[in-house]
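Presented below is the structure to which this report refers.
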Amino acid sequence: MSRLASGGLIDRSLSHRFAFDGRLYNGHPGDTLASALLANGVRLFGRSFKYHRPRGVLSAGPEEPSALVELRGGARREPNTPATTIELYDGLEATSQNRFPSLGFDLLAVNNLLSPLLSAGFYYKTFMWPASWWEKVYEPLIRRAAGLGRAAGLPDPDHYDRAHLFCDVLVIGAGPAGLAAALAAGRRGARVVLCESDPLLGGRLLAETGEVDGMPGADWAAHAEAALRDCPSVTILRRTSVASVFDHGSYVAVQRVADHKPQPDPHEPRQREWRIVAKRAVLAAGGFERLAAFSGNDRPGVMLAGAVRTYLNRFAVAPGKSAVVLTGGGDGWRTVADLTRHGVPIAAIVDRRREISPEQHKLAAASGAWLHLGAKVTGTRGGPALWGVDIAGADGVPRFVSSDLLAVAGGWNPAVHLTSHLGGKPVWNEAACAFLPGALPPGMAVAGAAAGTFALSAVLAEGAAGGAAAAEAAGFSGPAPSVPQASDAAIAPTPIWIIDGGKQKAFVDLQHDVTLKDIALAHREGFVSVEHLKRYTTLGMATDQGKTGGVAGMAAMAALTGRGMAETGTTLHRPPFTPVAIGALAGHHRGKDFRPARLTPAHRWAAEQNASFVETGPWLRAQWFTQPGETDWLQSCMREVNAVRGSVGVCDVSTLGKIEIAGPDAGALLDFLYINTFSTLPVGRVRYGTMLREDGFVFDDGTTARLERDRWVMTTTTANAPRVLQHMEFVHQVLRPDWRVAFISVTDQWAQFAVAGPRAREVIAATLDPGENVSDAAFPFMACGSFTTLGGVTARLFRISFSGELAYEIGVPSAYGDALARRIMAAGAAFGITPYGLEALGTMRIEKGHPAGGELNGQTTAIDLGMGRMMATKKDFIGRAMAQRPALRDPQRPTLAGIRPLRPQDRLRAGAHLLAKDAPSTIAHDAGWVTSVAFSPSLGHWIGLAMLTNGPARHGEIVRADDPVRGGSVLVEVVPPCFVDPEGARLRG
Amino acid sequence: MRIPCPHCGERGNDEFVYLGAAALTRPAADAPAEAWHSYVYLRDNPAGLHSELWQHTHGCRRWLVVARDTRTHAVFSATDAAV
């Protein structure tokens, strides 16, 4: 066991039992999976992506490139989860990944020997021949051998939430800078949101030994948290990572609500996506320690020196029994001090400098370590765990030290990622030896390590000043903030990028297995720009996005080109900062909840009638009503059509768009919207109209009724209802703002039913309250009017017909929709009234030759649809000018026609192309296509509508409907598009 | 992006629908074909200040003229198209 006897922010009074690769271990609340496994002496966590090399824990945070595991099992299995961010819970199960058959013995480690074949760009070079093998052999092989964890492959059983927050100051990160910033802003009364990815506030204060305001850093963090809780305007979001920055102060953060539990509590989301709008932001994201590139730097046991301190101080875990510390400057000496204080033996200290301070000499003496100044590490020894380090002294003499922990202090990278999300390029700063934030997103300030400030006292001061300035800018002034005091001196940054010498692989990207050799190869082959380097070698493209190794890779390229870091630059960081589960972005919008389903007011009535529903746009509509004994939809549909044509049927048409228009200029607006004239329509009458887009193509169609002199109601197709309203608003507000007219969608306010068939008038008369007169004389074809039904409920009645039968549409306020459906059924019972659905509706409209979806496809003109003569010549209307273009008036354009099969038993297929009878099936002979088909119960065979070149002139001609995709070529006769009652005698009956 | 709606206040761009250039004038009914062609099809694509139409569909439903920098997304003004 490597657990220290005392200390740490863990609860030793409780024990959590957990399993890794099937073996059981114990840990404590406060542990991460990584710290608990290290405490149990586990060093080997996984195998690397490409070479299957053994890998352990490098870091103690979200930057972890190596210790990735599959968390949980079954449908909740989550691959590639950094063990360093997984909070331990009782019953946790995790599995190592990318190994076969087991973690300790991995057959695919043979890839390590094949590494000359797997160098940068190997996809493009090694597996070139034969070309046909790529898809069938090489790619499946590579995918089997490479890669990380396995996705669950099952529907996610948990749910995800989305929420919105608005604040004055968003503070990103709750380390010393973030806490000081949040306190300064919160004490002024600004609405502060403080996001911290860790479950605890404090950041590096939890991992270091420095004191603030005379108390240990972790204690001060707890005090600061208590003080923030006393500010009513402060919201603290723990386990919440700010993933992305968007324009104008918009941020997306992901909160891991239940990831620290075996499964979420009832009704609790697993994660929540926060959309935060902030007037100002203080980025206090801290920094990431970087891994130096040296021979054998990937062996389990090589750990960042700052992470070693985290495990010692926060988790009370000794990550090794005997340590070597490799440093380039003062930072590594903190690790020396902490290891010594916790009683972990240090075998050797390797400082790249030849001279160190007297204090450091004292530390070295106290640790009892063998001190190597001006020395370097040239290799690591061991198998799945480190057991020794090769050192070359300043004198060049090689030495070997037994050790199972190599702490590497290579310097820190400020976490500048979020400053780049709007395009700001990080700028190299020679003094800080790091890329610092360049142009910042508007409203954002950076404080602390993220800005390149590492001394605790300065970090606290910068945080407090940043928080106060942000509050000030958001309108909250006040006295200068009190600055928490710490008494540490700045440590001069002395980075180590690359240590030459040694024969082993030196990695710059542990997760994608990119080595210094790959950088050199990219350089030789001309991929010199950092953006090319990144894509050619995949440096920094793994799930950790190169947070630890990336800059070392840039430094290697800078050394090769001799151009220096400033000129070499760094790749641009893009959202998200850390990986985000797709589920968190989808939120509740999945499965049947992908979008809300709109139900008509009589939906329940239709369901009782055994309706099968279909999605049409946002609506669920009845498609047909299956009766006992019916086995397929066509049977039901034919029965419904026959009922309408033979007696009477009822159909819910509430989904059609309804727009009520009022005002003295309503007529002028309608004349401008429709190709035909409406202003002359008498009160109490309805007219069919067609609208064009401004480019001259048909946009939508429907009927508009004049209820009163200045009051109209328009219907639109179901699919286009929102677009028509938007179009009308554009026309009125942008083109004709002087017109005195107002309109609003009333689709949801009115439930409407079509009652159609020879007995429709009797049914309507019985549906309305007694005394209402709907005789043909009083209420002729295309009449509209106001009546009452259901004992005094206003009903709008329209005598219009889509089916071609005597028909009415009756509308009542939505609350009465269900009651009206039942009233109509009762009124029609004597005539065997039959509910009919969309299929019957569609069949009857094809029988009547009414254009709908298949014909109104955005590529057809009014002339194409046989409505050329409807276009008024004496008025301006939308689309008028462009519809006059000669090419759109060309008779050779495909035009609406009907078709019927020459052999009555032949089936027609929508989508089939039309050709002259003997023409070959080539595009050069294409003469149009079939838009809609139906089996006509009225005629006893299939019928279709088509767009046919010069269609109206070809009635009687035999053409071929060719459907090569589904097979079959059918001879059809071109006929007028109206198949049933072309004179319209029935609907006027 | 956030758009300062003159009627509703500043709102996220997911409440709005974009149309395009606001500086177009619909030609007279009898204008030559070139004028109509230009109105319907020809658009400038400026790098910088652009005056464009957005509708606040999930708010007041008014069409707005928004002055925006296409390079930075900075919004300089938003006014009601009808006023």
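Please note that chains go A, B, ... in the order of the structure tokens, that every chain numbers its residues from 1, and that ligands are numbered from 1 in the order shown.
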
Secondary structure check, alpha helix (DSSP H) residues of region 588-740 of chain A, as an MDAnalysis selection string: chainID A and resid 603:608 633:646 666:673 721:730

Got a sec: who's within 7 Å of Leu533 (chain A), counting only C-alpha atoms, leaving out chain neighbours fewer than 5 positions off, as number ranges by chain? A: 522, 527-528

Write out as a VMD selection string the residues lying within 10 Å of His523 (chain A), counting only C-alpha atoms and excluding same-chain residues fewer than 5 positions away. chain A and resid 517 to 518 528 to 529 532 to 533 556 to 557 560 to 561

Could you pull the residues within 6 Å of region 54-64 of chain B, counting only C-alpha atoms, minus those fewer than 6 positions along the same chain, as a PyMOL selection string? chain B and resi 15-19+79-81

Just the residues within 8 Å of Glu273 (chain A), please, counting only C-alpha atoms, with nothing from its chain fewer than 2 positions along; format it as a PyMOL selection string. chain A and resi 160-163+252-255+271+275+584-585+587

From the DSSP assignment of the backbone, select every residue of region 8-72 of chain B that is strand (DSSP E or B), and format the answer as a PyMOL selection string. chain B and resi 9-12+17-21+49-55+63-69

Could you write those residues out with N, CA and C atoms, as a compact mmCIF listing (two decimals), in the first residue's frame?
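The resulting file, part17.txt, is shown below:
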# COMPACT_ATOMS: atom_id res chain seq x y z
N GLY B 9 -35.21 43.54 -26.12
CA GLY B 9 -33.92 43.52 -25.43
C GLY B 9 -32.98 42.52 -26.09
N GLU B 10 -31.78 42.40 -25.50
CA GLU B 10 -30.77 41.53 -26.09
C GLU B 10 -31.17 40.07 -25.96
N ARG B 11 -31.11 39.34 -27.06
CA ARG B 11 -31.49 37.92 -27.06
C ARG B 11 -30.49 37.10 -27.86
N GLY B 12 -30.45 35.80 -27.57
CA GLY B 12 -29.57 34.89 -28.29
C GLY B 12 -30.01 34.70 -29.73
N VAL B 17 -34.30 34.44 -37.01
CA VAL B 17 -34.10 33.82 -38.32
C VAL B 17 -33.44 34.85 -39.22
N TYR B 18 -32.45 34.38 -39.96
CA TYR B 18 -31.67 35.28 -40.82
C TYR B 18 -32.26 35.26 -42.22
N LEU B 19 -32.29 36.42 -42.88
CA LEU B 19 -32.73 36.42 -44.28
C LEU B 19 -31.61 36.80 -45.23
N GLY B 20 -30.99 37.97 -45.01
CA GLY B 20 -29.95 38.40 -45.94
C GLY B 20 -29.87 39.91 -45.98
N ALA B 21 -29.30 40.41 -47.05
CA ALA B 21 -29.01 41.84 -47.15
C ALA B 21 -30.28 42.67 -46.96
N LEU B 49 -18.62 45.54 -42.40
CA LEU B 49 -19.97 45.98 -42.05
C LEU B 49 -21.00 45.46 -43.05
N HIS B 50 -22.06 44.88 -42.54
CA HIS B 50 -23.12 44.34 -43.38
C HIS B 50 -24.45 44.67 -42.72
N SER B 51 -25.34 45.21 -43.52
CA SER B 51 -26.67 45.53 -43.02
C SER B 51 -27.60 44.40 -43.44
N GLU B 52 -28.19 43.71 -42.49
CA GLU B 52 -28.90 42.49 -42.84
C GLU B 52 -30.22 42.35 -42.08
N LEU B 53 -31.10 41.55 -42.64
CA LEU B 53 -32.44 41.35 -42.07
C LEU B 53 -32.46 40.10 -41.20
N TRP B 54 -32.94 40.27 -39.99
CA TRP B 54 -33.17 39.14 -39.08
C TRP B 54 -34.60 39.30 -38.56
N GLN B 55 -35.29 38.19 -38.41
CA GLN B 55 -36.61 38.26 -37.79
C GLN B 55 -36.57 37.66 -36.39
N TRP B 63 -39.35 42.07 -38.07
CA TRP B 63 -38.15 42.03 -38.92
C TRP B 63 -37.26 43.20 -38.54
N LEU B 64 -35.98 42.89 -38.31
CA LEU B 64 -35.03 43.89 -37.85
C LEU B 64 -33.93 44.08 -38.88
N VAL B 65 -33.43 45.31 -38.95
CA VAL B 65 -32.23 45.59 -39.73
C VAL B 65 -31.07 45.61 -38.74
N VAL B 66 -30.16 44.66 -38.90
CA VAL B 66 -29.04 44.51 -37.98
C VAL B 66 -27.75 44.88 -38.71
N ALA B 67 -27.00 45.81 -38.15
CA ALA B 67 -25.69 46.17 -38.71
C ALA B 67 -24.64 45.34 -37.98
N ARG B 68 -23.92 44.53 -38.74
CA ARG B 68 -23.04 43.53 -38.13
C ARG B 68 -21.73 43.49 -38.90
N ASP B 69 -20.65 43.23 -38.20
CA ASP B 69 -19.37 43.02 -38.85
C ASP B 69 -19.24 41.53 -39.14

Write out as a ChimeraX atom specification every residue belonging to chain A that has an atom at most 7 Å from any atom of chain B, counting only C-alpha atoms. /A:246-248,695,730,733-734,737,876,881

Interatomic distance, CA of Asp710 (chain A) to CA of Ala666 (chain A) (Å, one decimal): 6.6 Å

Selection near region 431-435 of chain A, 7 Å with only C-alpha atoms, sequence-local residues under 6 positions removed, as a PDB file with C-alpha atoms, in the first residue's frame:
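Listing of around_36.pdb after writing:
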ATOM      1  CA  ASN A 413       1.650  25.940 -19.910  1.00  0.00           C
ATOM      2  CA  GLY A 452       1.387  33.322 -17.004  1.00  0.00           C
ATOM      3  CA  PRO A 493      10.533  29.622 -15.237  1.00  0.00           C
ATOM      4  CA  PRO A 495      11.621  25.022 -18.976  1.00  0.00           C
TER       5      PRO A 495
END

In Å to one decimal, how far is CA of Gly287 (chain A) from CA of Gly374 (chain A)? 26.7 Å

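If you look at CA of Pro65 (chain A) and CA of Glu430 (chain A), they are 26.8 Å away from each other.
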
Hey, which of A:Glu531, A:Asp776, A:Glu289, A:Asp298 ends up closest to Gly383 (chain A)? Count only C-alpha atoms. A:Asp298

Spatial neighbours of Gly832 (chain A), 10 Å, only C-alpha atoms, chain gap at least 4 places, as a PyMOL selection string: chain A and resi 643+647-649+759+825-828

Just write the chosen residues, N, CA and C atoms, as a short mmCIF file (atom, residue, chain, number, x, y, z; two decimals), in the first residue's frame.
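Now in again03.cif:
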data_model
loop_
_atom_site.label_atom_id
_atom_site.label_comp_id
_atom_site.auth_asym_id
_atom_site.auth_seq_id
_atom_site.Cartn_x
_atom_site.Cartn_y
_atom_site.Cartn_z
N ALA A 643 -66.38 5.26 -48.72
CA ALA A 643 -67.39 5.80 -47.82
C ALA A 643 -67.66 7.27 -48.14
N SER A 647 -71.13 7.99 -49.36
CA SER A 647 -72.07 8.51 -48.35
C SER A 647 -71.49 9.76 -47.69
N VAL A 648 -70.68 9.58 -46.65
CA VAL A 648 -70.09 10.76 -45.99
C VAL A 648 -68.94 10.31 -45.09
N GLY A 649 -67.94 11.19 -45.00
CA GLY A 649 -66.79 10.93 -44.12
C GLY A 649 -66.39 12.21 -43.39
N ARG A 759 -73.84 12.92 -48.48
CA ARG A 759 -74.73 13.20 -47.35
C ARG A 759 -74.16 14.29 -46.43
N MET A 825 -69.85 12.83 -35.49
CA MET A 825 -70.04 11.38 -35.60
C MET A 825 -71.48 11.00 -35.26
N ALA A 826 -72.01 11.64 -34.23
CA ALA A 826 -73.39 11.34 -33.84
C ALA A 826 -74.36 11.79 -34.93
N ALA A 827 -74.07 13.00 -35.48
CA ALA A 827 -74.96 13.53 -36.52
C ALA A 827 -74.93 12.67 -37.77
N GLY A 828 -73.78 12.01 -38.01
CA GLY A 828 -73.64 11.24 -39.24
C GLY A 828 -73.90 9.77 -39.06
#

Identify which of the residues A:Tyr688, A:Phe294, A:Phe779, A:Trp428 lies closest to Met870 (chain A), counting only C-alpha atoms when measuring atom-to-atom distances. A:Tyr688

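Among the candidates A:Arg72, A:Ala447, A:Leu914, A:Val933, the one nearest to Ala852 (chain A) when counting only C-alpha atoms is A:Val933.
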